[in-house]
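One structure is given below, encoded as structure tokens.
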Amino acid sequence: MPDAVQCSQQGPVWVVRLDRPDVRNAVDAATAQALHAAFLAFDADPDARVAVFHGAHGHFCAGWDLQSGARLLAQDPQAGAALQAGLDFDPRQAQPLGPMGPSRLLLDKPVIAAISGAAVAGGMELALWCDMRVMEEDAYFGVYCRRFGVPLIDGGTVRLPRLIGMGHAMDLILTGRKVEAAAALQMGLCNRVVPRGEGLAAALALAQQLADFPQATMRADRMSALRQWDLPLAEALHQEWERGRACLDDALQGATRFAAGAGRHGRF
């Protein structure tokens with residue numbers, strides 16, 4: 001049986017592939033640890049600029065592996081307490097492990113989700129953890145774990161309202177309803193919708209576009225946007241300046257390229 005998490009590189013772009021076809025790429029404890037390790041390795045690679053995260057065999061991720069949870073309970077009626085202890089979250093940890101793996105990490109580089117088929121429950125939370133989401137036209141989201149009493153503990157209740165607003169978020173969180181690609185695009189839940197079977201290629205093309213930009217400036221702007229949520233306006237503006245000021249040499253070099261005729265009229 002192939003490894004559940006596989007990594008490959010296409011120049012500066014990493015591809016992280018989730019491969020558990022028998023459970024629609026649902027994540028058990030070992031897979032969560034492997035995903036966590038894969039994205040830390042991507043972040044530490046000095047040659048890596050962008051990662052694309054996708055699921056093999058037609059599905060992104062069906063969430064937490066409920067079958068593995070059922071086996072735990074069958075083996076030990078007190079498994080719930082042990083599970084809670086094992087997943088406890090100390091925000092002071094530098095590289096915290098989430099129940100689904102990387103969901104508590106704040107990486108220095110962007111990750112793009114290439115979504116086909118199901119991205120539901122914890123799989124939806126993994127997609128929300130990514131910076132951008134490219135969705136195939138027949139793919140779908142949904143808080144499907146609502147039916148089974150499984151809580152959103154991989155950032156879903158935090159990232160979803162921040163991404164699409166409280167009204168849409170409450171609708172999805174409370175009802176657990178299916179959200180297809182067209183509706184996801186309309187509410188801002190995904191960034192691109194592409195034909196069936198083209199999600200990975202489209203995400204890779206987008207990743208290469210990001211990889212071609214001046215990296216220090218892009219990462220500074222990205223981190224400023226991610227860090228500003230819990231700051232008063234004045235502090236948020238100050239941290240934006242502090243991150244951006246280190247990139248002013250890049251800005252002047254970019255101005256020189258523009259003056260010489262590069263990148264005019266929105267060309268990349």
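In the structure tokens, chains take letters A, B, ... by order of appearance, with residues numbered from 1 within each chain and ligands from 1 in the order shown.
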
Can you tell me which residues surround stretch 223-230 of chain A at a distance of at most 8 Å, considering only C-alpha atoms, apart from same-chain residues fewer than 3 positions away, and format the answer as a PDB file with all heavy atoms, in the first residue's frame?
```
ATOM      1  N   ASP A 108       5.516  30.155   6.770  1.00  0.00           N
ATOM      2  CA  ASP A 108       6.052  31.389   6.194  1.00  0.00           C
ATOM      3  C   ASP A 108       5.785  31.492   4.698  1.00  0.00           C
ATOM      4  O   ASP A 108       6.041  32.541   4.099  1.00  0.00           O
ATOM      5  CB  ASP A 108       7.564  31.471   6.432  1.00  0.00           C
ATOM      6  CG  ASP A 108       7.902  31.732   7.888  1.00  0.00           C
ATOM      7  OD1 ASP A 108       7.115  32.436   8.554  1.00  0.00           O
ATOM      8  OD2 ASP A 108       8.944  31.234   8.358  1.00  0.00           O
ATOM      9  N   ARG A 219       5.793  37.469   0.819  1.00  0.00           N
ATOM     10  CA  ARG A 219       5.661  36.823   2.130  1.00  0.00           C
ATOM     11  C   ARG A 219       5.389  37.850   3.228  1.00  0.00           C
ATOM     12  O   ARG A 219       4.626  37.579   4.160  1.00  0.00           O
ATOM     13  CB  ARG A 219       6.927  36.031   2.445  1.00  0.00           C
ATOM     14  CG  ARG A 219       7.098  34.805   1.564  1.00  0.00           C
ATOM     15  CD  ARG A 219       8.384  34.062   1.873  1.00  0.00           C
ATOM     16  NE  ARG A 219       8.696  33.085   0.836  1.00  0.00           N
ATOM     17  CZ  ARG A 219       9.822  32.402   0.785  1.00  0.00           C
ATOM     18  NH1 ARG A 219      10.751  32.581   1.718  1.00  0.00           N
ATOM     19  NH2 ARG A 219      10.028  31.539  -0.186  1.00  0.00           N
ATOM     20  N   ALA A 220       6.000  39.026   3.128  1.00  0.00           N
ATOM     21  CA  ALA A 220       5.748  40.061   4.125  1.00  0.00           C
ATOM     22  C   ALA A 220       4.295  40.499   4.084  1.00  0.00           C
ATOM     23  O   ALA A 220       3.638  40.643   5.130  1.00  0.00           O
ATOM     24  CB  ALA A 220       6.672  41.252   3.901  1.00  0.00           C
ATOM     25  N   ALA A 236      -2.035  47.098  13.758  1.00  0.00           N
ATOM     26  CA  ALA A 236      -2.040  46.337  12.515  1.00  0.00           C
ATOM     27  C   ALA A 236      -1.301  47.101  11.414  1.00  0.00           C
ATOM     28  O   ALA A 236      -0.512  46.520  10.654  1.00  0.00           O
ATOM     29  CB  ALA A 236      -3.472  46.039  12.083  1.00  0.00           C
ATOM     30  N   GLN A 239       2.515  46.943  12.168  1.00  0.00           N
ATOM     31  CA  GLN A 239       3.187  45.683  11.825  1.00  0.00           C
ATOM     32  C   GLN A 239       3.256  45.507  10.313  1.00  0.00           C
ATOM     33  O   GLN A 239       4.194  44.904   9.802  1.00  0.00           O
ATOM     34  CB  GLN A 239       2.508  44.488  12.513  1.00  0.00           C
ATOM     35  CG  GLN A 239       1.104  44.152  12.043  1.00  0.00           C
ATOM     36  CD  GLN A 239       1.054  43.070  10.987  1.00  0.00           C
ATOM     37  OE1 GLN A 239       1.940  42.240  10.904  1.00  0.00           O
ATOM     38  NE2 GLN A 239       0.013  43.097  10.159  1.00  0.00           N
ATOM     39  N   GLU A 240       2.273  46.052   9.569  1.00  0.00           N
ATOM     40  CA  GLU A 240       2.358  46.029   8.116  1.00  0.00           C
ATOM     41  C   GLU A 240       3.592  46.805   7.645  1.00  0.00           C
ATOM     42  O   GLU A 240       4.346  46.343   6.777  1.00  0.00           O
ATOM     43  CB  GLU A 240       1.095  46.647   7.513  1.00  0.00           C
ATOM     44  CG  GLU A 240       1.102  46.716   5.998  1.00  0.00           C
ATOM     45  CD  GLU A 240      -0.077  47.501   5.471  1.00  0.00           C
ATOM     46  OE1 GLU A 240      -0.163  48.728   5.759  1.00  0.00           O
ATOM     47  OE2 GLU A 240      -0.913  46.904   4.765  1.00  0.00           O
ATOM     48  N   ARG A 243       6.935  44.976   8.469  1.00  0.00           N
ATOM     49  CA  ARG A 243       7.234  43.870   7.560  1.00  0.00           C
ATOM     50  C   ARG A 243       7.591  44.389   6.170  1.00  0.00           C
ATOM     51  O   ARG A 243       8.456  43.844   5.485  1.00  0.00           O
ATOM     52  CB  ARG A 243       6.037  42.914   7.468  1.00  0.00           C
ATOM     53  CG  ARG A 243       5.740  42.197   8.769  1.00  0.00           C
ATOM     54  CD  ARG A 243       4.541  41.262   8.632  1.00  0.00           C
ATOM     55  NE  ARG A 243       4.126  40.767   9.930  1.00  0.00           N
ATOM     56  CZ  ARG A 243       4.708  39.776  10.584  1.00  0.00           C
ATOM     57  NH1 ARG A 243       5.742  39.154  10.031  1.00  0.00           N
ATOM     58  NH2 ARG A 243       4.274  39.386  11.760  1.00  0.00           N
TER      59      ARG A 243
END
```

Subject >> Computed interatomic separation between atom CA of A:Gly142 and atom CA of A:Gly156 (Å) >> reply: 10.9 Å

If you take only C-alpha atoms and a cut-off of 12 Å, which residues of stretch 107-192 of chain A touch stretch 10-34 of chain A, and what are their nearest atom pairs and distances in Å to one decimal, in chain and number order, as CSV?
```
residue,atom,partner,partner_atom,distance
A:Lys109,CA,A:Val13,CA,10.8
A:Pro110,CA,A:Val13,CA,10.3
A:Val111,CA,A:Trp14,CA,9.2
A:Ile112,CA,A:Val15,CA,9.6
A:Ala113,CA,A:Val16,CA,9.7
A:Ala114,CA,A:Arg17,CA,10.0
A:Ile115,CA,A:Arg17,CA,11.4
A:Ser116,CA,A:Arg24,CA,11.0
A:Gly117,CA,A:Arg24,CA,9.1
A:Ala118,CA,A:Arg24,CA,7.9
A:Ala119,CA,A:Asn25,CA,9.6
A:Val120,CA,A:Ala26,CA,9.5
A:Ala121,CA,A:Ala26,CA,9.7
A:Gly122,CA,A:Val27,CA,8.4
A:Gly123,CA,A:Ala26,CA,7.5
A:Met124,CA,A:Ala26,CA,11.2
A:Glu125,CA,A:Val27,CA,11.9
A:Leu126,CA,A:Val27,CA,10.5
A:Asp154,CA,A:Ala32,CA,11.4
```

Print the selection's residues with all heavy atoms to a file, as a short mmCIF file (atom, residue, chain, number, x, y, z; two decimals), in the first residue's frame.
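Below is the file selection23.cif, written as the result:
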```cif
data_model
loop_
_atom_site.label_atom_id
_atom_site.label_comp_id
_atom_site.auth_asym_id
_atom_site.auth_seq_id
_atom_site.Cartn_x
_atom_site.Cartn_y
_atom_site.Cartn_z
N LYS A 109 5.27 30.42 4.08
CA LYS A 109 5.08 30.38 2.63
C LYS A 109 3.65 29.93 2.32
O LYS A 109 3.04 29.22 3.11
CB LYS A 109 6.06 29.40 2.00
CG LYS A 109 7.52 29.65 2.36
CD LYS A 109 8.40 28.47 1.94
CE LYS A 109 9.81 28.61 2.48
NZ LYS A 109 10.64 27.43 2.15
N PRO A 110 3.12 30.34 1.17
CA PRO A 110 1.73 30.01 0.85
C PRO A 110 1.52 28.56 0.43
O PRO A 110 2.40 27.91 -0.14
CB PRO A 110 1.39 30.97 -0.29
CG PRO A 110 2.70 31.33 -0.90
CD PRO A 110 3.72 31.27 0.20
N VAL A 111 0.30 28.10 0.71
CA VAL A 111 -0.15 26.77 0.31
C VAL A 111 -1.46 26.92 -0.45
O VAL A 111 -2.36 27.65 -0.02
CB VAL A 111 -0.37 25.86 1.54
CG1 VAL A 111 -0.87 24.48 1.10
CG2 VAL A 111 0.90 25.74 2.36
N ILE A 112 -1.57 26.25 -1.58
CA ILE A 112 -2.78 26.28 -2.41
C ILE A 112 -3.42 24.89 -2.37
O ILE A 112 -2.75 23.89 -2.62
CB ILE A 112 -2.44 26.66 -3.86
CG1 ILE A 112 -1.81 28.06 -3.92
CG2 ILE A 112 -3.69 26.60 -4.74
CD1 ILE A 112 -1.24 28.41 -5.28
N ALA A 113 -4.71 24.84 -2.08
CA ALA A 113 -5.44 23.58 -2.10
C ALA A 113 -6.01 23.34 -3.49
O ALA A 113 -6.66 24.23 -4.06
CB ALA A 113 -6.57 23.61 -1.07
N ALA A 114 -5.76 22.15 -4.04
CA ALA A 114 -6.38 21.71 -5.29
C ALA A 114 -7.48 20.73 -4.92
O ALA A 114 -7.18 19.61 -4.49
CB ALA A 114 -5.34 21.07 -6.20
N ILE A 115 -8.73 21.15 -5.07
CA ILE A 115 -9.84 20.40 -4.48
C ILE A 115 -10.65 19.70 -5.56
O ILE A 115 -11.21 20.34 -6.46
CB ILE A 115 -10.75 21.35 -3.67
CG1 ILE A 115 -9.95 22.00 -2.55
CG2 ILE A 115 -11.94 20.59 -3.11
CD1 ILE A 115 -10.64 23.15 -1.88
N SER A 116 -10.72 18.39 -5.45
CA SER A 116 -11.61 17.58 -6.26
C SER A 116 -12.49 16.77 -5.32
O SER A 116 -12.13 16.53 -4.17
CB SER A 116 -10.82 16.65 -7.18
OG SER A 116 -9.95 15.82 -6.42
N GLY A 117 -13.66 16.39 -5.80
CA GLY A 117 -14.54 15.55 -4.99
C GLY A 117 -14.89 16.17 -3.66
O GLY A 117 -15.22 17.35 -3.57
N ALA A 118 -14.79 15.38 -2.61
CA ALA A 118 -15.21 15.80 -1.29
C ALA A 118 -14.09 16.52 -0.54
O ALA A 118 -12.97 16.05 -0.47
CB ALA A 118 -15.65 14.59 -0.47
N ALA A 119 -14.43 17.69 0.01
CA ALA A 119 -13.59 18.37 1.00
C ALA A 119 -14.53 18.71 2.15
O ALA A 119 -15.08 19.81 2.24
CB ALA A 119 -12.96 19.63 0.42
N VAL A 120 -14.76 17.72 3.00
CA VAL A 120 -15.82 17.84 4.00
C VAL A 120 -15.27 17.61 5.41
O VAL A 120 -14.22 16.99 5.60
CB VAL A 120 -16.95 16.84 3.71
CG1 VAL A 120 -17.61 17.17 2.36
CG2 VAL A 120 -16.46 15.40 3.70
N ALA A 121 -16.02 18.15 6.39
CA ALA A 121 -15.65 18.01 7.80
C ALA A 121 -14.21 18.49 8.00
O ALA A 121 -13.87 19.59 7.61
CB ALA A 121 -15.87 16.56 8.26
N GLY A 122 -13.36 17.65 8.59
CA GLY A 122 -11.97 18.05 8.78
C GLY A 122 -11.24 18.30 7.48
O GLY A 122 -10.28 19.09 7.43
N GLY A 123 -11.68 17.68 6.39
CA GLY A 123 -11.09 17.97 5.08
C GLY A 123 -11.38 19.39 4.63
O GLY A 123 -10.54 20.05 4.02
N MET A 124 -12.57 19.87 4.94
CA MET A 124 -12.90 21.27 4.68
C MET A 124 -12.01 22.18 5.52
O MET A 124 -11.53 23.21 5.05
CB MET A 124 -14.37 21.52 4.98
CG MET A 124 -14.84 22.93 4.72
SD MET A 124 -16.63 23.05 4.96
CE MET A 124 -16.88 24.81 4.78
N GLU A 125 -11.76 21.79 6.77
CA GLU A 125 -10.90 22.60 7.63
C GLU A 125 -9.47 22.65 7.09
O GLU A 125 -8.80 23.69 7.17
CB GLU A 125 -10.92 22.04 9.05
CG GLU A 125 -12.26 22.24 9.74
CD GLU A 125 -12.24 21.73 11.17
OE1 GLU A 125 -12.30 20.49 11.36
OE2 GLU A 125 -12.17 22.55 12.10
N LEU A 126 -8.98 21.55 6.53
CA LEU A 126 -7.65 21.57 5.91
C LEU A 126 -7.63 22.52 4.71
O LEU A 126 -6.66 23.25 4.50
CB LEU A 126 -7.24 20.17 5.47
CG LEU A 126 -6.82 19.20 6.57
CD1 LEU A 126 -6.48 17.83 5.97
CD2 LEU A 126 -5.62 19.73 7.36
N ASP A 154 -10.20 21.96 14.06
CA ASP A 154 -9.03 22.24 13.22
C ASP A 154 -9.16 23.61 12.56
O ASP A 154 -8.73 23.80 11.43
CB ASP A 154 -8.85 21.14 12.18
CG ASP A 154 -8.21 19.90 12.77
OD1 ASP A 154 -6.97 19.83 12.80
OD2 ASP A 154 -8.95 19.00 13.21
#
```

Original post:
So how far away is atom CA of A:His57 from atom CA of A:Ser8, in Å?
Top reply: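 Atom CA of A:His57 lies at a distance of 16.8 Å from atom CA of A:Ser8.
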
Original post:
What are the DSSP strand (DSSP E or B) residues of stretch 120-246 of chain A, as a list of chain:residue names?
Top reply: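 Answer for stretch 120-246 of chain A, restricted to strand (DSSP E or B): A:Val120, A:Met132, A:Arg133, A:Val134, A:Met135, A:Glu136, A:Tyr140, A:Phe141, A:Gly142, A:Val179, A:Glu180, A:Arg192, A:Val193, A:Val194.
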
**OP:** Point out the residue among A:Leu105, A:His54, A:Met166, A:Leu210 with the least atom-to-atom distance to A:Met135, counting only C-alpha atoms.
**Re:**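 Of all the options, A:His54 lies closest to A:Met135.
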
**OP:** Measure the distance from atom CA of A:His168 to atom CA of A:Trp64 in Å and round it to one decimal.
**Re:**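 Spanning atom CA of A:His168 to atom CA of A:Trp64 is a straight-line distance of 23.2 Å.
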
**OP:** Tell me, as a ChimeraX atom specification, which residues lie within 7 Å of A:Asp138, counting only C-alpha atoms; anything in the same chain fewer than 3 positions away does not count.
**Re:** /A:117,180-181,196

Subject >> Closest of A:His36, A:Arg257, A:Arg49, A:Lys178 to A:Gln208 - atom-to-atom distances counting only C-alpha atoms >> reply: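 Distance minimum relative to A:Gln208 lands on A:Arg49.
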
Subject >> Which of A:Glu242, A:Asp250, A:Glu235, A:Glu137 sits closest to A:Pro195 [using only C-alpha atoms] >> reply: A:Glu137

Subject >> From A:Gly261, A:Pro96, A:Gly101, A:Pro161, residue lying nearest A:Ala38 [only C-alpha atoms] >> reply: A:Gly101

Subject >> Which residue of A:Asp43, A:Arg147, A:Ala37, A:Gly199 approaches A:Met100 most closely, using only C-alpha atoms >> reply: A:Ala37

Original post:
Please, which residues of stretch 80-223 of chain A, numbered as in this document, come out alpha helix (DSSP H) from DSSP, as JSON, numbers by chain?
Top reply: {"A": [80, 81, 82, 83, 84, 85, 86, 122, 123, 124, 125, 126, 127, 128, 129, 156, 157, 158, 159, 160, 161, 162, 163, 164, 166, 167, 168, 169, 170, 171, 172, 173, 174, 175, 181, 182, 183, 184, 185, 186, 187, 199, 200, 201, 202, 203, 204, 205, 206, 207, 208, 209, 210, 211, 212, 215, 216, 217, 218, 219, 220, 221, 222, 223]}
